[in-house]
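K.L.:
My structure is in coords.pdb, and what it holds is PDB, C-alpha atoms:
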ATOM      1  CA  ALA A 292     -17.805   5.976  -8.051
ATOM      2  CA  VAL A 293     -14.933   8.443  -8.574
ATOM      3  CA  LEU A 294     -15.849   8.936 -12.229
ATOM      4  CA  VAL A 295     -19.593   9.353 -11.713
ATOM      5  CA  LEU A 296     -19.364  11.535  -8.598
ATOM      6  CA  SER A 297     -16.587  13.725 -10.010
ATOM      7  CA  HIS A 298     -18.509  14.432 -13.191
ATOM      8  CA  ALA A 299     -21.763  15.096 -11.328
ATOM      9  CA  ALA A 300     -20.009  17.475  -8.933
ATOM     10  CA  ALA A 301     -18.024  19.129 -11.722
ATOM     11  CA  ASN A 302     -21.153  19.836 -13.776
ATOM     12  CA  ALA A 303     -22.920  21.469 -10.818
ATOM     13  CA  MET A 304     -19.828  23.457  -9.849
ATOM     14  CA  VAL A 305     -19.182  24.664 -13.401
ATOM     15  CA  GLU A 306     -22.775  25.960 -13.519
ATOM     16  CA  ARG A 307     -22.054  27.919 -10.323
ATOM     17  CA  GLY A 308     -18.682  29.062 -11.658
ATOM     18  CA  ARG A 309     -16.708  27.841  -8.679
ATOM     19  CA  GLY A 310     -15.797  24.769  -6.692
ATOM     20  CA  ALA A 311     -13.150  22.179  -5.998
ATOM     21  CA  ILE A 312     -13.002  18.411  -6.361
ATOM     22  CA  LEU A 313     -10.623  16.351  -4.231
ATOM     23  CA  ASN A 314     -10.103  12.703  -5.190
ATOM     24  CA  VAL A 315      -8.007  10.340  -3.083
ATOM     25  CA  SER A 316      -5.273   8.298  -4.711
ATOM     26  CA  SER A 317      -2.035   7.130  -3.091
ATOM     27  CA  VAL A 318       1.690   7.085  -3.699
ATOM     28  CA  ALA A 319       0.959   3.414  -4.389
ATOM     29  CA  ALA A 320      -0.257   4.703  -7.776
ATOM     30  CA  LEU A 321       3.404   4.959  -8.734
ATOM     31  CA  MET A 322       4.159   1.358  -7.769
ATOM     32  CA  ALA A 323       3.543  -1.938  -9.502
ATOM     33  CA  SER A 324       1.849  -3.860  -6.729
ATOM     34  CA  GLY A 325      -1.519  -5.179  -7.737
ATOM     35  CA  PRO A 326      -5.082  -3.964  -8.166
ATOM     36  CA  TYR A 327      -4.859  -1.323  -5.423
ATOM     37  CA  SER A 328      -1.962   0.408  -7.179
ATOM     38  CA  ALA A 329      -3.681   0.095 -10.549
ATOM     39  CA  HIS A 330      -6.873   1.665  -9.228
ATOM     40  CA  LYS A 331      -4.995   4.491  -7.512
ATOM     41  CA  ALA A 332      -3.060   5.137 -10.745
ATOM     42  CA  TRP A 333      -6.376   5.418 -12.578
ATOM     43  CA  VAL A 334      -7.700   7.904  -9.975
ATOM     44  CA  ARG A 335      -4.563  10.008 -10.359
ATOM     45  CA  THR A 336      -4.682  10.037 -14.171
ATOM     46  CA  PHE A 337      -8.426  10.680 -14.238
ATOM     47  CA  THR A 338      -8.127  13.612 -11.833
ATOM     48  CA  GLU A 339      -5.229  15.129 -13.767
ATOM     49  CA  ALA A 340      -7.322  14.928 -16.954
ATOM     50  CA  LEU A 341     -10.322  16.397 -15.139
ATOM     51  CA  ALA A 342      -8.182  19.316 -13.939
ATOM     52  CA  VAL A 343      -7.249  20.023 -17.559
ATOM     53  CA  GLU A 344     -10.907  19.859 -18.664
ATOM     54  CA  LEU A 345     -11.951  22.245 -15.884
ATOM     55  CA  ARG A 346      -9.273  24.845 -16.557
ATOM     56  CA  GLY A 347     -10.806  28.301 -16.854
ATOM     57  CA  THR A 348     -14.182  27.314 -15.359
ATOM     58  CA  GLY A 349     -13.543  28.403 -11.770
ATOM     59  CA  VAL A 350     -13.537  24.745 -10.711
ATOM     60  CA  THR A 351     -10.395  22.853  -9.769
ATOM     61  CA  ALA A 352      -9.572  19.162  -9.398
ATOM     62  CA  THR A 353      -6.925  17.911  -6.997
ATOM     63  CA  VAL A 354      -5.731  14.364  -6.454
ATOM     64  CA  LEU A 355      -4.416  13.503  -2.997
ATOM     65  CA  GLN A 356      -1.674  10.899  -3.000
ATOM     66  CA  PRO A 357      -0.551  10.272   0.565
ATOM     67  CA  GLY A 358       1.718   7.525   1.731
ATOM     68  CA  PHE A 359       0.899   5.346   4.725
ATOM     69  CA  VAL A 360      -1.627   7.127   6.954
ATOM     70  CA  HIS A 361      -2.569   6.153  10.505
ATOM     71  CA  THR A 362      -6.191   5.060   9.996
ATOM     72  CA  GLU A 363      -8.132   1.812  10.416
ATOM     73  CA  PHE A 364      -7.659   0.957   6.711
ATOM     74  CA  HIS A 365      -4.987  -1.739   7.114
ATOM     75  CA  GLU A 366      -6.479  -3.244  10.265
ATOM     76  CA  ARG A 367      -9.939  -3.524   8.701
ATOM     77  CA  GLY A 368      -8.373  -5.123   5.643
ATOM     78  CA  GLY A 369      -6.531  -7.655   7.802
ATOM     79  CA  ILE A 370      -3.172  -6.305   6.618
ATOM     80  CA  ASP A 371      -0.323  -6.620   9.116
ATOM     81  CA  MET A 372       1.797  -3.492   8.782
ATOM     82  CA  SER A 373       3.859  -4.031  11.940
ATOM     83  CA  ALA A 374       7.069  -4.357   9.886
ATOM     84  CA  LEU A 375       6.702  -0.815   8.543
ATOM     85  CA  PRO A 376       8.795   1.679  10.532
ATOM     86  CA  GLU A 377       6.956   4.467  12.346
ATOM     87  CA  VAL A 378       8.744   7.113  10.249
ATOM     88  CA  ALA A 379       6.786   5.906   7.200
ATOM     89  CA  TRP A 380       3.438   6.763   8.765
ATOM     90  CA  LEU A 381       1.592  10.065   8.406
ATOM     91  CA  ASN A 382      -0.922  11.574  10.810
ATOM     92  CA  ALA A 383      -4.407  11.671   9.261
ATOM     93  CA  ASP A 384      -5.127  15.214  10.474
ATOM     94  CA  ASP A 385      -1.870  16.454   8.919
ATOM     95  CA  VAL A 386      -2.751  14.780   5.605
ATOM     96  CA  VAL A 387      -6.185  16.425   5.579
ATOM     97  CA  ALA A 388      -4.735  19.855   6.425
ATOM     98  CA  ALA A 389      -2.106  19.585   3.667
ATOM     99  CA  ALA A 390      -4.670  18.388   1.120
ATOM    100  CA  LEU A 391      -7.097  21.203   1.873
ATOM    101  CA  ALA A 392      -4.285  23.772   1.690
ATOM    102  CA  ASP A 393      -3.329  22.393  -1.735
ATOM    103  CA  VAL A 394      -6.971  22.505  -2.871
ATOM    104  CA  ARG A 395      -7.171  26.179  -1.851
ATOM    105  CA  ARG A 396      -4.003  26.875  -3.882
ATOM    106  CA  GLY A 397      -5.304  24.987  -6.931
ATOM    107  CA  VAL A 398      -2.574  22.333  -6.788
ATOM    108  CA  VAL A 399      -3.414  19.383  -9.052
ATOM    109  CA  ILE A 400      -1.300  16.671  -7.353
ATOM    110  CA  SER A 401      -1.163  16.895  -3.560
ATOM    111  CA  THR A 402       1.497  14.748  -1.910
ATOM    112  CA  PRO A 403       1.626  15.510   1.817
ATOM    113  CA  SER A 404       5.013  15.385   3.550
ATOM    114  CA  LEU A 405       8.427  16.014   2.142
ATOM    115  CA  ARG A 406       9.446  12.367   2.550
ATOM    116  CA  TYR A 407       6.660  11.169   0.237
ATOM    117  CA  GLN A 408       7.285  14.008  -2.218
ATOM    118  CA  LEU A 409      10.928  12.896  -2.457
ATOM    119  CA  ALA A 410       9.998   9.211  -2.658
ATOM    120  CA  SER A 411       7.470   9.928  -5.430
ATOM    121  CA  GLY A 412      10.036  11.886  -7.405
ATOM    122  CA  LEU A 413      12.564   9.082  -7.033
ATOM    123  CA  VAL A 414      10.130   6.345  -8.085
ATOM    124  CA  ARG A 415       9.219   8.271 -11.254
ATOM    125  CA  THR A 416      12.896   8.269 -12.306
ATOM    126  CA  LEU A 417      13.569   4.573 -11.672
ATOM    127  CA  PRO A 418      13.560   1.877 -14.364
ATOM    128  CA  ARG A 419      10.283  -0.069 -14.335
ATOM    129  CA  ALA A 420      12.064  -3.271 -13.191
ATOM    130  CA  ALA A 421      13.188  -1.412 -10.069
ATOM    131  CA  VAL A 422       9.647  -0.118  -9.516
ATOM    132  CA  ARG A 423       8.333  -3.699  -9.731
ATOM    133  CA  ALA A 424      10.960  -4.800  -7.200
ATOM    134  CA  LEU A 425       9.813  -2.043  -4.837
ATOM    135  CA  GLY A 426       6.244  -3.210  -5.358
ATOM    136  CA  ASN A 427       7.300  -6.721  -4.377
ATOM    137  CA  TYR A 428       8.979  -5.360  -1.241
ATOM    138  CA  ARG A 429       5.856  -3.380  -0.334
ATOM    139  CA  ALA A 430       3.693  -6.471  -0.858
ATOM    140  CA  ARG A 431       5.979  -8.556   1.365
ATOM    141  CA  LEU A 432       5.616  -5.933   4.123
ATOM    142  CA  ALA A 433       1.890  -6.517   3.894
ATOM    143  CA  GLY A 434       2.341 -10.295   3.988
ATOM    144  CA  ALA A 435       1.619 -10.960   0.306
ATOM    145  CA  SER A 436       3.811 -12.304  -2.456
ATOM    146  CA  ASN A 437       3.915 -10.328  -5.665
ATOM    147  CA  GLU A 438       7.117 -11.693  -7.113
ATOM    148  CA  HIS A 439       7.547 -12.227 -10.832
ATOM    149  CA  PRO A 440      10.556 -13.919 -12.479
ATOM    150  CA  GLU A 441      10.917 -11.097 -15.013
ATOM    151  CA  ASP A 442      11.662  -8.712 -12.125
ATOM    152  CA  GLU A 443      15.077 -10.301 -11.785
ATOM    153  CA  GLN A 444      16.152  -8.982 -15.189
TER     154      GLN A 444
END
Have the structure of the file written as structure tokens, please.
P.N.:
Amino acid sequence: AVLVLSHAAANAMVERGRGAILNVSSVAALMASGPYSAHKAWVRTFTEALAVELRGTGVTATVLQPGFVHTEFHERGGIDMSALPEVAWLNADDVVAAALADVRRGVVISTPSLRYQLASGLVRTLPRAAVRALGNYRARLAGASNEHPEDEQ
């Protein structure tokens, strides 16, 4: 849906000479923790490429990559997040406000909150084995096992 809707919206907006597209990814895009992370990584990469394609048209593309946000997402998915400390959670209204401010400024990658900006920067500098270990930790918080023997190397 992201691909089809983004291109449809982009075409209409380019014809008008203005507009903004906001796609939702996650800081999970930087982790190695299953299909969710893989999909969110695709959304991030796609939106970055779309932003490049739209340069100079009056249309922008922004990808939102929040961390954990207080919504019904985890509950509806049957994911127990009770082990995650409150400091890790973001307020949904704050995430929306930050994302819209970044869209207005033409920011391509919007990461609300300093703590997730710092965490994202750190993850991008880590060796991939460490990123996989963090993915395993994140999966265990959610009650899943994502462990792989090669992560011990």
K.L.:
As a check of understanding, name the residues that the PyMOL selection byres ((chain A and resi 392-406) around 9) selects in the supplied structure, as a ChimeraX atom specification.
P.N.:
/A:311-313,317-318,335,338-339,342,351-358,379,381,385-391,407-411
K.L.:
Adding 3 Å on each side of the box along x, y and z that holds all listed atoms of range 354-357 of chain A, could you give its centre and edge lengths in Å to one decimal, as lines of an AutoDock Vina configuration file?
P.N.:
center_x = -3.1
center_y = 12.3
center_z = -2.9
size_x = 11.2
size_y = 10.1
size_z = 13.0
K.L.:
For Leu417 in chain A, which residue among A:Glu306, A:Ala300, A:Val295, A:Leu321 is the nearest when counting all atoms listed in the file?
P.N.:
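Closest residue, counting all atoms listed in the file: A:Leu321.
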K.L.:
Can you work out the spacing between CA of Gly369 in chain A and CA of Ala424 in chain A in Å, to one decimal?
P.N.:
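These atoms are spaced 23.2 Å apart.
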K.L.:
If we count all atoms listed in the file, what is near Thr362 in chain A at a cut-off of 12 Å, once residues fewer than 4 positions away on the same chain are taken out, given as a PyMOL selection string?
P.N.:
chain A and resi 358+366-368+372+380-384+386
K.L.:
Quick one, how far is CA of Ala421 in chain A from CA of Val334 in chain A?
P.N.:
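Pair CA of Ala421 in chain A / CA of Val334 in chain A returns 22.9 Å.
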K.L.:
Quick one, how far is CA of Met322 in chain A from CA of Leu345 in chain A?
P.N.:
27.6 Å
K.L.:
Selection in question (the file shown): the PyMOL selection byres ((chain A and resi 323) around 6). Which residues does it include, as a count of residues only?
P.N.:
4
K.L.:
Of the candidates A:His298, A:Met304, A:Gly310, A:Ala292, which one gets nearest to Ala340 in chain A if we count all atoms listed in the file?
P.N.:
A:His298
K.L.:
Could you tell me which of A:Ala303, A:Leu296, A:Val315, A:Ala320 comes closest to Arg415 in chain A if we count only C-alpha atoms?
P.N.:
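For Arg415 in chain A, the nearest of the given residues is A:Ala320.
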K.L.:
So, counting all atoms listed in the file, which residue among A:Phe337, A:Glu363, A:Ala329, A:Ile370 is closest to Ala430 in chain A?
P.N.:
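Among the listed residues, A:Ile370 lies closest to Ala430 in chain A.
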